[in-house]
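> target_9.tsv (TSV, C-alpha atoms) pasted underneath:
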chain	number	residue	atom	x	y	z
F	105	MET	CA	-25.91	-9.88	0.84
F	106	THR	CA	-22.11	-10.00	0.84
F	107	GLU	CA	-20.87	-11.87	3.89
F	108	LEU	CA	-18.04	-10.20	5.80
F	109	PRO	CA	-16.84	-12.33	8.72
F	110	ARG	CA	-16.31	-10.17	11.78
F	111	PRO	CA	-13.39	-10.68	14.16
F	112	ASP	CA	-12.39	-8.02	16.71
F	113	VAL	CA	-14.37	-5.00	15.56
F	114	LEU	CA	-16.67	-2.87	17.67
F	115	PRO	CA	-20.04	-4.57	18.26
F	116	GLU	CA	-21.82	-1.81	16.35
F	117	VAL	CA	-19.47	-2.36	13.40
F	118	ALA	CA	-20.19	-6.10	13.45
F	119	THR	CA	-23.90	-5.30	13.33
F	120	TRP	CA	-23.33	-2.75	10.58
F	121	LEU	CA	-21.41	-5.26	8.47
F	122	ARG	CA	-24.37	-7.65	8.63
F	123	ARG	CA	-26.94	-4.98	7.83
F	124	ARG	CA	-25.19	-2.57	5.49
F	125	SER	CA	-22.91	-4.64	3.22
F	126	TRP	CA	-24.38	-5.97	-0.02
F	127	ALA	CA	-23.47	-7.19	-3.48
F	128	ALA	CA	-24.65	-5.36	-6.59
F	129	ALA	CA	-26.60	-8.47	-7.65
F	130	ASP	CA	-28.76	-8.20	-4.52
F	131	ARG	CA	-30.80	-5.50	-6.24
F	132	PRO	CA	-31.68	-6.29	-9.87
F	133	VAL	CA	-32.11	-3.30	-12.12
F	134	GLU	CA	-35.84	-3.99	-12.49
F	135	LEU	CA	-36.22	-3.58	-8.71
F	136	LEU	CA	-34.29	-0.31	-8.87
F	137	LEU	CA	-36.45	1.05	-11.68
F	138	ALA	CA	-39.61	0.31	-9.72
F	139	ALA	CA	-38.16	2.01	-6.63
F	140	LYS	CA	-37.09	4.98	-8.74
F	141	ARG	CA	-40.60	5.43	-10.14
F	142	ALA	CA	-42.10	5.21	-6.68
F	143	ALA	CA	-39.64	7.78	-5.29
F	144	GLY	CA	-40.46	10.44	-7.88
F	145	ARG	CA	-38.21	13.48	-7.56
F	146	ASP	CA	-36.31	11.84	-4.70
F	147	GLY	CA	-35.27	9.05	-7.08
F	148	THR	CA	-33.54	11.22	-9.69
F	149	VAL	CA	-29.92	10.23	-10.27
F	150	SER	CA	-26.98	12.33	-11.46
F	151	VAL	CA	-23.69	10.63	-12.34
F	152	VAL	CA	-20.56	12.78	-12.18
F	153	LEU	CA	-17.16	11.90	-13.63
F	154	PRO	CA	-14.37	14.23	-12.49
F	155	ALA	CA	-11.79	14.15	-15.27
F	156	LEU	CA	-8.29	15.44	-15.94
F	157	ASP	CA	-6.58	14.07	-19.06
F	158	GLU	CA	-8.59	10.85	-19.17
F	159	GLU	CA	-9.06	10.58	-22.95
F	160	PRO	CA	-8.12	6.84	-23.09
F	161	THR	CA	-10.89	5.75	-20.67
F	162	VAL	CA	-13.60	8.37	-20.27
F	163	GLY	CA	-15.39	7.54	-23.53
F	164	GLU	CA	-15.82	3.86	-22.67
F	165	ILE	CA	-17.22	4.70	-19.24
F	166	VAL	CA	-19.67	7.27	-20.58
F	167	THR	CA	-20.81	4.92	-23.35
F	168	ALA	CA	-21.42	2.06	-20.93
F	169	ILE	CA	-23.47	4.22	-18.56
F	170	ARG	CA	-25.46	5.86	-21.37
F	171	GLU	CA	-26.28	2.63	-23.20
F	172	GLU	CA	-27.04	0.43	-20.17
F	173	LEU	CA	-28.41	2.84	-17.56
F	174	MET	CA	-29.98	5.63	-19.62
F	175	GLU	CA	-31.18	4.04	-22.86
F	176	ARG	CA	-31.74	0.36	-22.03
F	177	HIS	CA	-32.72	0.94	-18.41
F	178	PRO	CA	-33.68	4.56	-17.56
F	179	LEU	CA	-32.00	4.60	-14.15
F	180	VAL	CA	-29.67	7.59	-14.63
F	181	ASP	CA	-31.21	10.96	-15.43
F	182	GLU	CA	-28.07	13.03	-15.86
F	183	LEU	CA	-24.50	12.12	-16.90
F	184	VAL	CA	-21.98	14.91	-16.44
F	185	VAL	CA	-18.23	14.99	-16.98
F	186	VAL	CA	-16.56	17.86	-15.13
F	187	ASP	CA	-13.28	18.63	-16.89
F	188	SER	CA	-10.71	20.24	-14.62
F	189	GLY	CA	-8.36	21.53	-17.32
F	190	SER	CA	-7.46	18.59	-19.56
F	191	VAL	CA	-4.91	19.24	-22.30
F	192	ASP	CA	-5.86	16.11	-24.23
F	193	ARG	CA	-9.21	15.32	-25.88
F	194	THR	CA	-11.01	14.30	-22.69
F	195	ALA	CA	-13.83	16.80	-23.18
F	196	GLU	CA	-14.37	16.00	-26.85
F	197	THR	CA	-14.29	12.25	-26.23
F	198	ALA	CA	-16.76	12.46	-23.35
F	199	ARG	CA	-19.11	14.69	-25.31
F	200	ALA	CA	-19.02	12.40	-28.35
F	201	ALA	CA	-19.84	9.42	-26.11
F	202	GLY	CA	-22.96	11.13	-24.81
F	203	ALA	CA	-22.06	13.04	-21.65
F	204	ARG	CA	-22.75	16.65	-20.88
F	205	VAL	CA	-19.32	18.20	-20.38
F	206	VAL	CA	-18.79	21.16	-18.06
F	207	HIS	CA	-15.48	22.84	-17.39
F	208	ARG	CA	-14.64	23.27	-13.72
F	209	ASP	CA	-13.92	26.99	-14.17
F	210	ASP	CA	-17.34	27.62	-15.70
F	211	ILE	CA	-19.04	26.48	-12.49
F	212	LEU	CA	-19.25	29.30	-9.95
F	213	PRO	CA	-16.93	31.49	-12.09
F	214	GLY	CA	-16.90	34.27	-9.50
F	215	LEU	CA	-14.81	32.06	-7.20
F	216	PRO	CA	-11.37	31.18	-8.63
F	217	ALA	CA	-10.94	27.42	-8.69
F	218	VAL	CA	-8.11	25.62	-6.97
F	219	HIS	CA	-6.53	22.40	-8.21
F	220	GLY	CA	-7.77	19.14	-6.79
F	221	LYS	CA	-10.34	16.40	-7.17
F	222	GLY	CA	-12.39	17.58	-4.20
F	223	GLU	CA	-12.78	21.02	-5.75
F	224	VAL	CA	-14.28	19.41	-8.85
F	225	LEU	CA	-16.68	17.22	-6.87
F	226	TRP	CA	-17.81	20.18	-4.77
F	227	ARG	CA	-18.49	22.35	-7.82
F	228	SER	CA	-20.32	19.48	-9.52
F	229	LEU	CA	-23.18	19.91	-7.06
F	230	LEU	CA	-23.89	23.24	-8.79
F	231	ALA	CA	-23.81	21.61	-12.23
F	232	THR	CA	-26.22	18.75	-11.44
F	233	SER	CA	-29.78	18.45	-10.16
F	234	GLY	CA	-30.36	14.82	-9.12
F	235	ALA	CA	-31.52	14.01	-5.60
F	236	ILE	CA	-28.92	11.23	-5.67
F	237	VAL	CA	-25.41	12.08	-6.84
F	238	CYS	CA	-23.07	9.30	-7.92
F	239	PHE	CA	-19.33	9.93	-8.35
F	240	ILE	CA	-17.28	7.69	-10.67
F	241	ASP	CA	-13.56	8.09	-11.36
F	242	ALA	CA	-12.81	8.62	-15.05
F	243	ASP	CA	-9.69	6.42	-15.24
F	244	LEU	CA	-11.44	3.06	-14.86
F	245	ARG	CA	-10.83	0.33	-17.43
F	246	GLU	CA	-13.12	-2.61	-18.27
F	247	PHE	CA	-15.91	-0.54	-16.74
F	248	ASP	CA	-19.02	-2.32	-15.52
F	249	PRO	CA	-22.26	-0.31	-15.22
F	250	ALA	CA	-22.85	-2.18	-11.94
F	251	PHE	CA	-20.44	0.33	-10.42
F	252	VAL	CA	-23.29	2.81	-10.78
F	253	SER	CA	-26.40	0.68	-10.33
F	254	GLY	CA	-24.83	-1.17	-7.41
F	255	ILE	CA	-24.14	1.91	-5.31
F	256	VAL	CA	-27.29	3.86	-6.11
F	257	GLY	CA	-29.41	0.78	-5.37
F	258	PRO	CA	-29.52	1.10	-1.56
F	259	LEU	CA	-30.32	4.81	-1.85
F	260	LEU	CA	-33.31	4.07	-4.10
F	261	THR	CA	-34.66	1.19	-2.00
F	262	ASP	CA	-33.97	2.32	1.57
F	263	PRO	CA	-34.77	5.87	2.72
F	264	GLY	CA	-32.56	5.36	5.76
F	265	ILE	CA	-29.39	5.14	3.65
F	266	ALA	CA	-27.56	8.40	2.91
F	267	LEU	CA	-24.18	7.37	1.47
F	268	VAL	CA	-22.94	4.21	-0.25
F	269	LYS	CA	-19.34	3.30	-1.09
F	270	ALA	CA	-18.33	0.72	-3.67
F	271	MET	CA	-16.13	-2.14	-2.50
F	272	TYR	CA	-14.09	-4.28	-4.86
F	273	ASP	CA	-10.86	-6.11	-5.52
F	274	ARG	CA	-8.14	-3.71	-6.59
F	275	PRO	CA	-5.30	-5.50	-8.42
F	276	LEU	CA	-1.98	-3.76	-8.99
F	277	GLU	CA	-1.21	-3.92	-12.71
F	278	THR	CA	2.22	-2.63	-13.72
F	279	ASP	CA	4.59	-3.56	-16.56
F	280	GLY	CA	2.49	-6.55	-17.52
F	281	ALA	CA	2.52	-8.03	-14.01
F	282	VAL	CA	-0.59	-8.35	-11.86
F	283	VAL	CA	-0.61	-8.47	-8.08
F	284	PRO	CA	-4.22	-9.54	-7.27
F	285	ALA	CA	-4.65	-7.42	-4.13
F	286	GLY	CA	-1.73	-5.04	-4.55
F	287	GLY	CA	-3.69	-1.87	-5.31
F	288	GLY	CA	-4.95	0.62	-2.79
F	289	ARG	CA	-1.54	1.18	-1.23
F	290	VAL	CA	-2.46	4.52	0.34
F	291	THR	CA	-5.60	2.93	1.76
F	292	GLU	CA	-3.65	0.20	3.52
F	293	LEU	CA	-0.68	2.31	4.62
F	294	VAL	CA	-2.42	5.54	5.65
F	295	ALA	CA	-6.21	5.71	5.53
F	296	ARG	CA	-7.12	2.38	7.09
F	297	PRO	CA	-4.83	2.82	10.12
F	298	LEU	CA	-6.14	6.36	10.67
F	299	LEU	CA	-9.78	5.30	10.46
F	300	ASN	CA	-9.36	2.19	12.58
F	301	MET	CA	-7.63	4.04	15.39
F	302	HIS	CA	-9.49	7.35	15.40
F	303	TRP	CA	-12.86	6.52	13.81
F	304	PRO	CA	-13.24	2.80	14.59
F	305	GLN	CA	-16.90	2.91	13.59
F	306	LEU	CA	-15.63	3.15	9.99
F	307	ALA	CA	-13.37	0.10	10.26
F	308	GLY	CA	-15.83	-2.00	8.25
F	309	PHE	CA	-15.34	-0.12	4.98
F	310	VAL	CA	-13.39	-2.24	2.51
F	311	GLN	CA	-12.50	0.69	0.22
F	312	PRO	CA	-12.77	3.90	2.27
F	313	LEU	CA	-10.78	5.91	-0.31
F	314	GLY	CA	-12.53	4.54	-3.38
F	315	GLY	CA	-13.67	7.15	-5.86
F	316	GLU	CA	-16.95	5.38	-6.61
F	317	TYR	CA	-19.70	6.34	-4.18
F	318	ALA	CA	-23.20	7.74	-4.21
F	319	ALA	CA	-25.01	9.92	-1.72
F	320	ARG	CA	-28.14	11.92	-1.24
F	321	ARG	CA	-27.78	15.53	-2.26
F	322	SER	CA	-29.40	16.45	1.03
F	323	LEU	CA	-26.33	15.02	2.79
F	324	LEU	CA	-23.64	16.22	0.39
F	325	GLU	CA	-24.84	19.79	0.47
F	326	ARG	CA	-24.31	19.85	4.25
F	327	LEU	CA	-20.71	18.59	4.19
F	328	PRO	CA	-17.44	20.47	3.67
F	329	PHE	CA	-15.37	19.15	0.76
F	330	PRO	CA	-11.59	18.96	1.10
F	331	THR	CA	-10.35	20.27	-2.24
F	332	GLY	CA	-7.65	17.65	-2.82
F	333	TYR	CA	-7.14	13.92	-2.44
F	334	GLY	CA	-8.44	14.01	1.11
F	335	VAL	CA	-12.00	14.42	-0.15
F	336	GLU	CA	-12.97	10.74	0.18
F	337	LEU	CA	-11.72	10.38	3.75
F	338	GLY	CA	-13.13	13.76	4.73
F	339	LEU	CA	-16.59	13.06	3.34
F	340	LEU	CA	-16.72	9.63	4.97
F	341	VAL	CA	-15.74	10.94	8.40
F	342	ASP	CA	-18.07	13.93	8.14
F	343	ALA	CA	-20.95	11.76	6.89
F	344	LEU	CA	-20.52	9.55	9.95
F	345	GLU	CA	-20.83	12.61	12.16
F	346	ALA	CA	-23.74	14.10	10.23
F	347	ALA	CA	-25.84	11.01	9.53
F	348	GLY	CA	-24.61	8.21	11.79
F	349	LEU	CA	-23.13	4.82	10.94
F	350	ASP	CA	-26.44	3.16	10.09
F	351	ALA	CA	-26.98	5.67	7.26
F	352	LEU	CA	-23.77	4.50	5.56
F	353	ALA	CA	-23.39	1.35	3.46
F	354	GLN	CA	-21.15	-0.45	0.97
F	355	VAL	CA	-21.79	-2.62	-2.08
F	356	ASP	CA	-19.51	-5.20	-3.70
F	357	VAL	CA	-19.17	-4.44	-7.42
F	358	GLY	CA	-16.39	-6.89	-8.31
F	359	VAL	CA	-13.02	-5.70	-9.60
F	360	ARG	CA	-11.70	-2.21	-10.20
F	361	HIS	CA	-9.12	-1.76	-12.96
F	362	HIS	CA	-7.49	1.66	-13.22
F	363	ARG	CA	-4.28	3.57	-13.79
F	364	HIS	CA	-1.79	3.39	-10.91
F	365	GLN	CA	0.26	6.36	-9.79
F	366	ASP	CA	3.97	6.42	-9.03
F	367	GLY	CA	5.49	6.52	-5.56
F	368	HIS	CA	5.91	10.28	-5.43
F	369	ALA	CA	2.28	10.86	-6.37
F	370	LEU	CA	1.18	8.36	-3.76
F	371	GLY	CA	3.29	10.15	-1.18
F	372	ARG	CA	1.58	13.45	-1.96
F	373	MET	CA	-1.80	11.74	-1.75
F	374	ALA	CA	-0.92	10.16	1.59
F	375	ALA	CA	0.22	13.47	3.03
F	376	THR	CA	-3.00	15.18	1.97
F	377	ILE	CA	-5.12	12.43	3.46
F	378	TYR	CA	-3.17	12.55	6.71
F	379	ARG	CA	-3.60	16.33	6.85
F	380	THR	CA	-7.34	15.92	6.25
F	381	ALA	CA	-7.56	13.51	9.17
F	382	LEU	CA	-5.59	15.86	11.41
F	383	GLU	CA	-7.91	18.75	10.56
F	384	ARG	CA	-10.89	16.69	11.69
F	385	LEU	CA	-9.20	15.54	14.86
F	386	ASP	CA	-8.28	19.14	15.64
F	387	ARG	CA	-11.82	20.31	14.92
F	388	ALA	CA	-13.12	17.81	17.48
F	389	ASP	CA	-10.36	18.64	20.01
F	390	ARG	CA	-9.02	15.12	19.64
F	391	LEU	CA	-5.41	15.67	18.57
F	392	LYS	CA	-4.42	14.60	22.06
F	393	ALA	CA	-7.06	11.93	22.26
F	394	ALA	CA	-8.26	10.36	25.45
F	395	GLU	CA	-7.57	6.66	25.69
F	396	ASP	CA	-11.18	5.77	24.96
F	397	LEU	CA	-11.07	7.70	21.67
F	398	VAL	CA	-8.25	5.62	20.22
F	399	HIS	CA	-9.05	2.11	19.03
F	400	PRO	CA	-5.71	0.25	18.77
F	401	LEU	CA	-6.89	-2.43	16.35
F	402	LEU	CA	-6.56	-2.59	12.56
F	403	THR	CA	-9.14	-4.49	10.51
F	404	GLN	CA	-8.10	-5.42	6.97
F	405	PHE	CA	-9.96	-7.28	4.23
F	406	THR	CA	-9.03	-9.97	1.70
F	407	ARG	CA	-11.17	-11.64	-0.92
F	408	ASP	CA	-11.86	-15.20	0.22
F	409	PRO	CA	-11.61	-17.55	-2.81
F	410	GLY	CA	-13.99	-19.93	-1.08
F	411	THR	CA	-16.84	-17.45	-0.71
F	412	SER	CA	-18.57	-14.70	-2.63
F	413	GLY	CA	-17.33	-11.98	-0.31
F	414	PHE	CA	-14.50	-10.61	1.77
F	415	THR	CA	-12.84	-11.92	4.90
F	416	ALA	CA	-11.93	-9.53	7.70
F	417	HIS	CA	-8.72	-9.89	9.70
F	418	THR	CA	-8.07	-7.78	12.81
F	419	HIS	CA	-4.60	-7.10	14.22
F	420	PRO	CA	-3.46	-5.17	17.29
F	421	VAL	CA	-1.67	-1.87	16.66
F	422	THR	CA	1.09	-1.72	19.24
F	423	ALA	CA	2.40	1.55	20.64
F	424	LEU	CA	5.07	0.25	22.99
F	425	GLU	CA	7.95	2.68	23.55
F	426	ARG	CA	11.23	2.07	25.35
F	427	PRO	CA	12.59	4.84	27.58
F	428	PRO	CA	15.79	6.71	26.66
F	429	MET	CA	18.69	4.37	27.30
F	430	GLN	CA	20.36	6.89	29.58
F	431	THR	CA	17.51	6.51	32.05
F	432	LEU	CA	18.37	2.86	32.65
F	433	ALA	CA	20.63	2.10	35.61
F	434	GLU	CA	22.01	-0.86	33.73
F	435	TYR	CA	23.24	1.45	30.99
F	436	ARG	CA	24.67	4.07	33.31
F	437	GLU	CA	26.44	1.50	35.40
F	438	ARG	CA	27.98	-0.54	32.63
For the structure just supplied, provide its representation as structure tokens.


Amino acid sequence: MTELPRPDVLPEVATWLRRRSWAAADRPVELLLAAKRAAGRDGTVSVVLPALDEEPTVGEIVTAIREELMERHPLVDELVVVDSGSVDRTAETARAAGARVVHRDDILPGLPAVHGKGEVLWRSLLATSGAIVCFIDADLREFDPAFVSGIVGPLLTDPGIALVKAMYDRPLETDGAVVPAGGGRVTELVARPLLNMHWPQLAGFVQPLGGEYAARRSLLERLPFPTGYGVELGLLVDALEAAGLDALAQVDVGVRHHRHQDGHALGRMAATIYRTALERLDRADRLKAAEDLVHPLLTQFTRDPGTSGFTAHTHPVTALERPPMQTLAEYRER
């Protein structure tokens, strides 16, 4: 099990980190295959890749999953790429590599589709049949099939688990330079502060916005899906409410290499995620939160070179405000 040292998090989060954080290697594929056979219909696995103009990477991902987890080890029953309007050869490349390709607009055609990743993931539930649904972003490079086997593993071996997020290092790779932990900028600047302060039970997730996660269909079909980039935060918050913290887990799958977006795109993503959080706070009548509903601590994670896991660091989030200067006698009397 991946060890995540626990500083100033809620006691239930400290317990959760001990019980619900693993490494992919903790569950060998042979163990997963035996659990899958024992589970019968409840062990069927669908893998979904939402894709928009991902010709350079989608074929490699599909090939790796098909060869390792369908042909060599029959863990995945269904591999579907949902194309949301690519103008390149994403669909052809995915199909040639062995995926079933479905166009977003052909799923539930009576309802006009809107743009956004969440829309694609939501519609994918109609295009798949597995009891376990695994989402994988289609822009990953140097793809490791452990991204799939690692996160479906807890769902196959523990009936109490309902949703599993991947955790990983996320280097920032631009113009030939590599910043080892520089990726996930929206996570660190927007999502993590929001979750730590308003949903502190979720403070233990290393990659709350990661696009690689698996869940039971029985949970996903009960959750609303934000149509845009807020889908990951929205599903995580809603899954906490629907299933409870102990039904959520995370698995260390190593390193995630992917395409990075520019500042303007990140700004749009951040705004959407913030709006998604506000919608959930409003829904729970928490926009003006009572003091006990705000947790003014921020827990962040770094890979510890001396261990096989992550180290948690918790910092206070200050909210000190000074009064208007004109209210100070010293200012008025100067």

> Can you work out which one of F:Ala168, F:Ala270, F:Leu327, F:Val359 has the shortest atom-to-atom distance to Ser125 (chain F), counting only C-alpha atoms?

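Of F:Ala168, F:Ala270, F:Leu327, F:Val359, the one nearest Ser125 (chain F), counting only C-alpha atoms, is F:Ala270.
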
> From the list F:Met301, F:Ala242, F:Val117, F:Ala127, which residue is nearest Leu156 (chain F) when using all atoms listed in the file?

F:Ala242

> Just want the 7 Å neighbourhood of region 313-325 of chain F, counted on all atoms listed in the file, with same-chain residues fewer than 5 positions away dropped. Output as a PDB file with C-alpha atoms, keeping the file's coordinate frame.


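Resulting contents of around_26.pdb:
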ATOM      1  CA  ALA F 235     -31.520  14.010  -5.600  1.00  0.00           C
ATOM      2  CA  ILE F 236     -28.920  11.230  -5.670  1.00  0.00           C
ATOM      3  CA  VAL F 237     -25.410  12.080  -6.840  1.00  0.00           C
ATOM      4  CA  CYS F 238     -23.070   9.300  -7.920  1.00  0.00           C
ATOM      5  CA  PHE F 239     -19.330   9.930  -8.350  1.00  0.00           C
ATOM      6  CA  ILE F 240     -17.280   7.690 -10.670  1.00  0.00           C
ATOM      7  CA  ASP F 241     -13.560   8.090 -11.360  1.00  0.00           C
ATOM      8  CA  ILE F 255     -24.140   1.910  -5.310  1.00  0.00           C
ATOM      9  CA  VAL F 256     -27.290   3.860  -6.110  1.00  0.00           C
ATOM     10  CA  ALA F 266     -27.560   8.400   2.910  1.00  0.00           C
ATOM     11  CA  LEU F 267     -24.180   7.370   1.470  1.00  0.00           C
ATOM     12  CA  VAL F 268     -22.940   4.210  -0.250  1.00  0.00           C
ATOM     13  CA  LYS F 269     -19.340   3.300  -1.090  1.00  0.00           C
ATOM     14  CA  ALA F 270     -18.330   0.720  -3.670  1.00  0.00           C
ATOM     15  CA  THR F 291      -5.600   2.930   1.760  1.00  0.00           C
ATOM     16  CA  GLU F 336     -12.970  10.740   0.180  1.00  0.00           C
ATOM     17  CA  LEU F 337     -11.720  10.380   3.750  1.00  0.00           C
TER      18      LEU F 337
END

> In the coordinates of the file, take the point (-25.2, -4.8, -5.8) and a cut-off of 8 Å; then, counting all atoms listed in the file, name each qualifying protein, DNA or RNA residue as JSON, numbers by chain.

{"F": [126, 127, 128, 129, 130, 131, 132, 250, 253, 254, 255, 257, 355, 356, 357]}

> How close does each residue of region 163-272 of chain F get to region 139-155 of chain F, giving the shortest atom pair and distance in Å to one decimal for every residue with an atom at most 9 Å away, counting all atoms listed in the file, sorted by chain and residue number, as JSON lines?


{"residue": "F:Val166", "atom": "CA", "partner": "F:Leu153", "partner_atom": "CA", "distance": 8.7}
{"residue": "F:Ile169", "atom": "CA", "partner": "F:Val151", "partner_atom": "CA", "distance": 8.9}
{"residue": "F:Leu179", "atom": "CA", "partner": "F:Val149", "partner_atom": "CA", "distance": 7.1}
{"residue": "F:Val180", "atom": "CA", "partner": "F:Val149", "partner_atom": "CA", "distance": 5.1}
{"residue": "F:Asp181", "atom": "CA", "partner": "F:Val149", "partner_atom": "CA", "distance": 5.4}
{"residue": "F:Glu182", "atom": "CA", "partner": "F:Ser150", "partner_atom": "CA", "distance": 4.6}
{"residue": "F:Leu183", "atom": "CA", "partner": "F:Val151", "partner_atom": "CA", "distance": 4.9}
{"residue": "F:Val184", "atom": "CA", "partner": "F:Val152", "partner_atom": "CA", "distance": 5.0}
{"residue": "F:Val185", "atom": "CA", "partner": "F:Leu153", "partner_atom": "CA", "distance": 4.7}
{"residue": "F:Val186", "atom": "CA", "partner": "F:Pro154", "partner_atom": "CA", "distance": 5.0}
{"residue": "F:Asp187", "atom": "CA", "partner": "F:Ala155", "partner_atom": "CA", "distance": 5.0}
{"residue": "F:Ser188", "atom": "CA", "partner": "F:Ala155", "partner_atom": "CA", "distance": 6.2}
{"residue": "F:Gly189", "atom": "CA", "partner": "F:Ala155", "partner_atom": "CA", "distance": 8.4}
{"residue": "F:Ser190", "atom": "CA", "partner": "F:Ala155", "partner_atom": "CA", "distance": 7.5}
{"residue": "F:Thr194", "atom": "CA", "partner": "F:Ala155", "partner_atom": "CA", "distance": 7.5}
{"residue": "F:Ala195", "atom": "CA", "partner": "F:Ala155", "partner_atom": "CA", "distance": 8.6}
{"residue": "F:Lys221", "atom": "CA", "partner": "F:Pro154", "partner_atom": "CA", "distance": 7.0}
{"residue": "F:Val224", "atom": "CA", "partner": "F:Pro154", "partner_atom": "CA", "distance": 6.3}
{"residue": "F:Leu225", "atom": "CA", "partner": "F:Pro154", "partner_atom": "CA", "distance": 6.8}
{"residue": "F:Ser228", "atom": "CA", "partner": "F:Val152", "partner_atom": "CA", "distance": 7.2}
{"residue": "F:Thr232", "atom": "CA", "partner": "F:Ser150", "partner_atom": "CA", "distance": 6.5}
{"residue": "F:Ser233", "atom": "CA", "partner": "F:Ser150", "partner_atom": "CA", "distance": 6.9}
{"residue": "F:Gly234", "atom": "CA", "partner": "F:Val149", "partner_atom": "CA", "distance": 4.8}
{"residue": "F:Ala235", "atom": "CA", "partner": "F:Asp146", "partner_atom": "CA", "distance": 5.3}
{"residue": "F:Ile236", "atom": "CA", "partner": "F:Val149", "partner_atom": "CA", "distance": 4.8}
{"residue": "F:Val237", "atom": "CA", "partner": "F:Ser150", "partner_atom": "CA", "distance": 4.9}
{"residue": "F:Cys238", "atom": "CA", "partner": "F:Val151", "partner_atom": "CA", "distance": 4.7}
{"residue": "F:Phe239", "atom": "CA", "partner": "F:Val152", "partner_atom": "CA", "distance": 4.9}
{"residue": "F:Ile240", "atom": "CA", "partner": "F:Leu153", "partner_atom": "CA", "distance": 5.1}
{"residue": "F:Asp241", "atom": "CA", "partner": "F:Leu153", "partner_atom": "CA", "distance": 5.7}
{"residue": "F:Ala242", "atom": "CA", "partner": "F:Ala155", "partner_atom": "CA", "distance": 5.6}
{"residue": "F:Asp243", "atom": "CA", "partner": "F:Ala155", "partner_atom": "CA", "distance": 8.0}
{"residue": "F:Val252", "atom": "CA", "partner": "F:Val151", "partner_atom": "CA", "distance": 8.0}
{"residue": "F:Val256", "atom": "CA", "partner": "F:Val149", "partner_atom": "CA", "distance": 8.0}
{"residue": "F:Gly257", "atom": "CA", "partner": "F:Ala139", "partner_atom": "CA", "distance": 8.9}
{"residue": "F:Leu259", "atom": "CA", "partner": "F:Gly147", "partner_atom": "CA", "distance": 8.4}
{"residue": "F:Leu260", "atom": "CA", "partner": "F:Ala139", "partner_atom": "CA", "distance": 5.8}
{"residue": "F:Thr261", "atom": "CA", "partner": "F:Ala139", "partner_atom": "CA", "distance": 5.9}

> Which value, in Å to one decimal, gives the distance between CA of Tyr378 (chain F) and CA of Gly358 (chain F)?

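Distance reported for this atom pair: 27.9 Å.
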
> Out of F:Arg372, F:Arg360, F:Arg274, F:Arg438, which residue has the shortest atom-to-atom distance to Gly220 (chain F) when counting only C-alpha atoms?

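The shortest atom-to-atom distance to Gly220 (chain F) comes from F:Arg372.
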
> Please indicate the distance in Å from CA of Val335 (chain F) to CA of Arg123 (chain F), rounded to one decimal place.

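A separation of 25.8 Å between them.
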
> Give me, please, the distance in Å between CA of Arg379 (chain F) and CA of Asp342 (chain F), quoted to one decimal.

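Computed distance, CA of Arg379 (chain F) to CA of Asp342 (chain F), equals 14.7 Å.
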
> Find the axis-aligned box for region 334-349 of chain F, covering all its listed atoms and adding 4 Å on each side, and write its centre and edge lengths in Å to one decimal as AutoDock Vina command-line options.


--center_x -17.1 --center_y 9.6 --center_z 6.0 --size_x 25.4 --size_y 17.6 --size_z 20.3

> Counting only C-alpha atoms, find residues at most 6 Å from (-29.0, 3.3, 10.0) (file frame) and give them as a PyMOL selection string.

chain F and resi 264+350-351

> Which of these, F:Leu340, F:Gly222, F:Gly202, F:Pro213, has the shortest distance to Glu175 (chain F) once you count all atoms listed in the file?

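Looking at the shortest contact to Glu175 (chain F), the residue is F:Gly202.
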
> Under the rule that all atoms listed in the file are counted, which of F:Ala353, F:Ala388, F:Val113, F:Leu121 is the nearest residue to Pro258 (chain F)?

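For Pro258 (chain F), the nearest of the given residues is F:Ala353.
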
> Which residue, F:Ala138, F:Ala381, F:Leu244, F:Leu352, has the smallest gap to Phe309 (chain F) when you use all atoms listed in the file?

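The closest residue to Phe309 (chain F) is F:Leu352.
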
> Would you save region 174-179 of chain F from the block above with N, CA, C and O atoms, as a CSV table (one decimal), in the first residue's frame?


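The result, written out as result.csv:
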chain,number,residue,atom,x,y,z
F,174,MET,N,-6.8,-7.1,-22.8
F,174,MET,CA,-7.9,-7.8,-23.5
F,174,MET,C,-7.4,-9.1,-24.1
F,174,MET,O,-8.1,-10.1,-24.0
F,175,GLU,N,-6.2,-9.1,-24.7
F,175,GLU,CA,-5.7,-10.3,-25.4
F,175,GLU,C,-4.8,-11.1,-24.5
F,175,GLU,O,-5.1,-12.3,-24.3
F,176,ARG,N,-3.8,-10.5,-23.9
F,176,ARG,CA,-2.9,-11.2,-23.0
F,176,ARG,C,-3.6,-11.5,-21.7
F,176,ARG,O,-3.5,-12.7,-21.2
F,177,HIS,N,-4.3,-10.6,-21.1
F,177,HIS,CA,-5.0,-10.8,-19.8
F,177,HIS,C,-6.4,-10.2,-20.0
F,177,HIS,O,-6.6,-9.0,-20.2
F,178,PRO,N,-7.4,-11.1,-20.1
F,178,PRO,CA,-8.8,-10.7,-20.4
F,178,PRO,C,-9.5,-9.9,-19.2
F,178,PRO,O,-10.5,-10.4,-18.7
F,179,LEU,N,-9.0,-8.8,-18.9
F,179,LEU,CA,-9.5,-8.0,-17.8
F,179,LEU,C,-10.6,-7.0,-18.3
F,179,LEU,O,-11.6,-6.8,-17.6
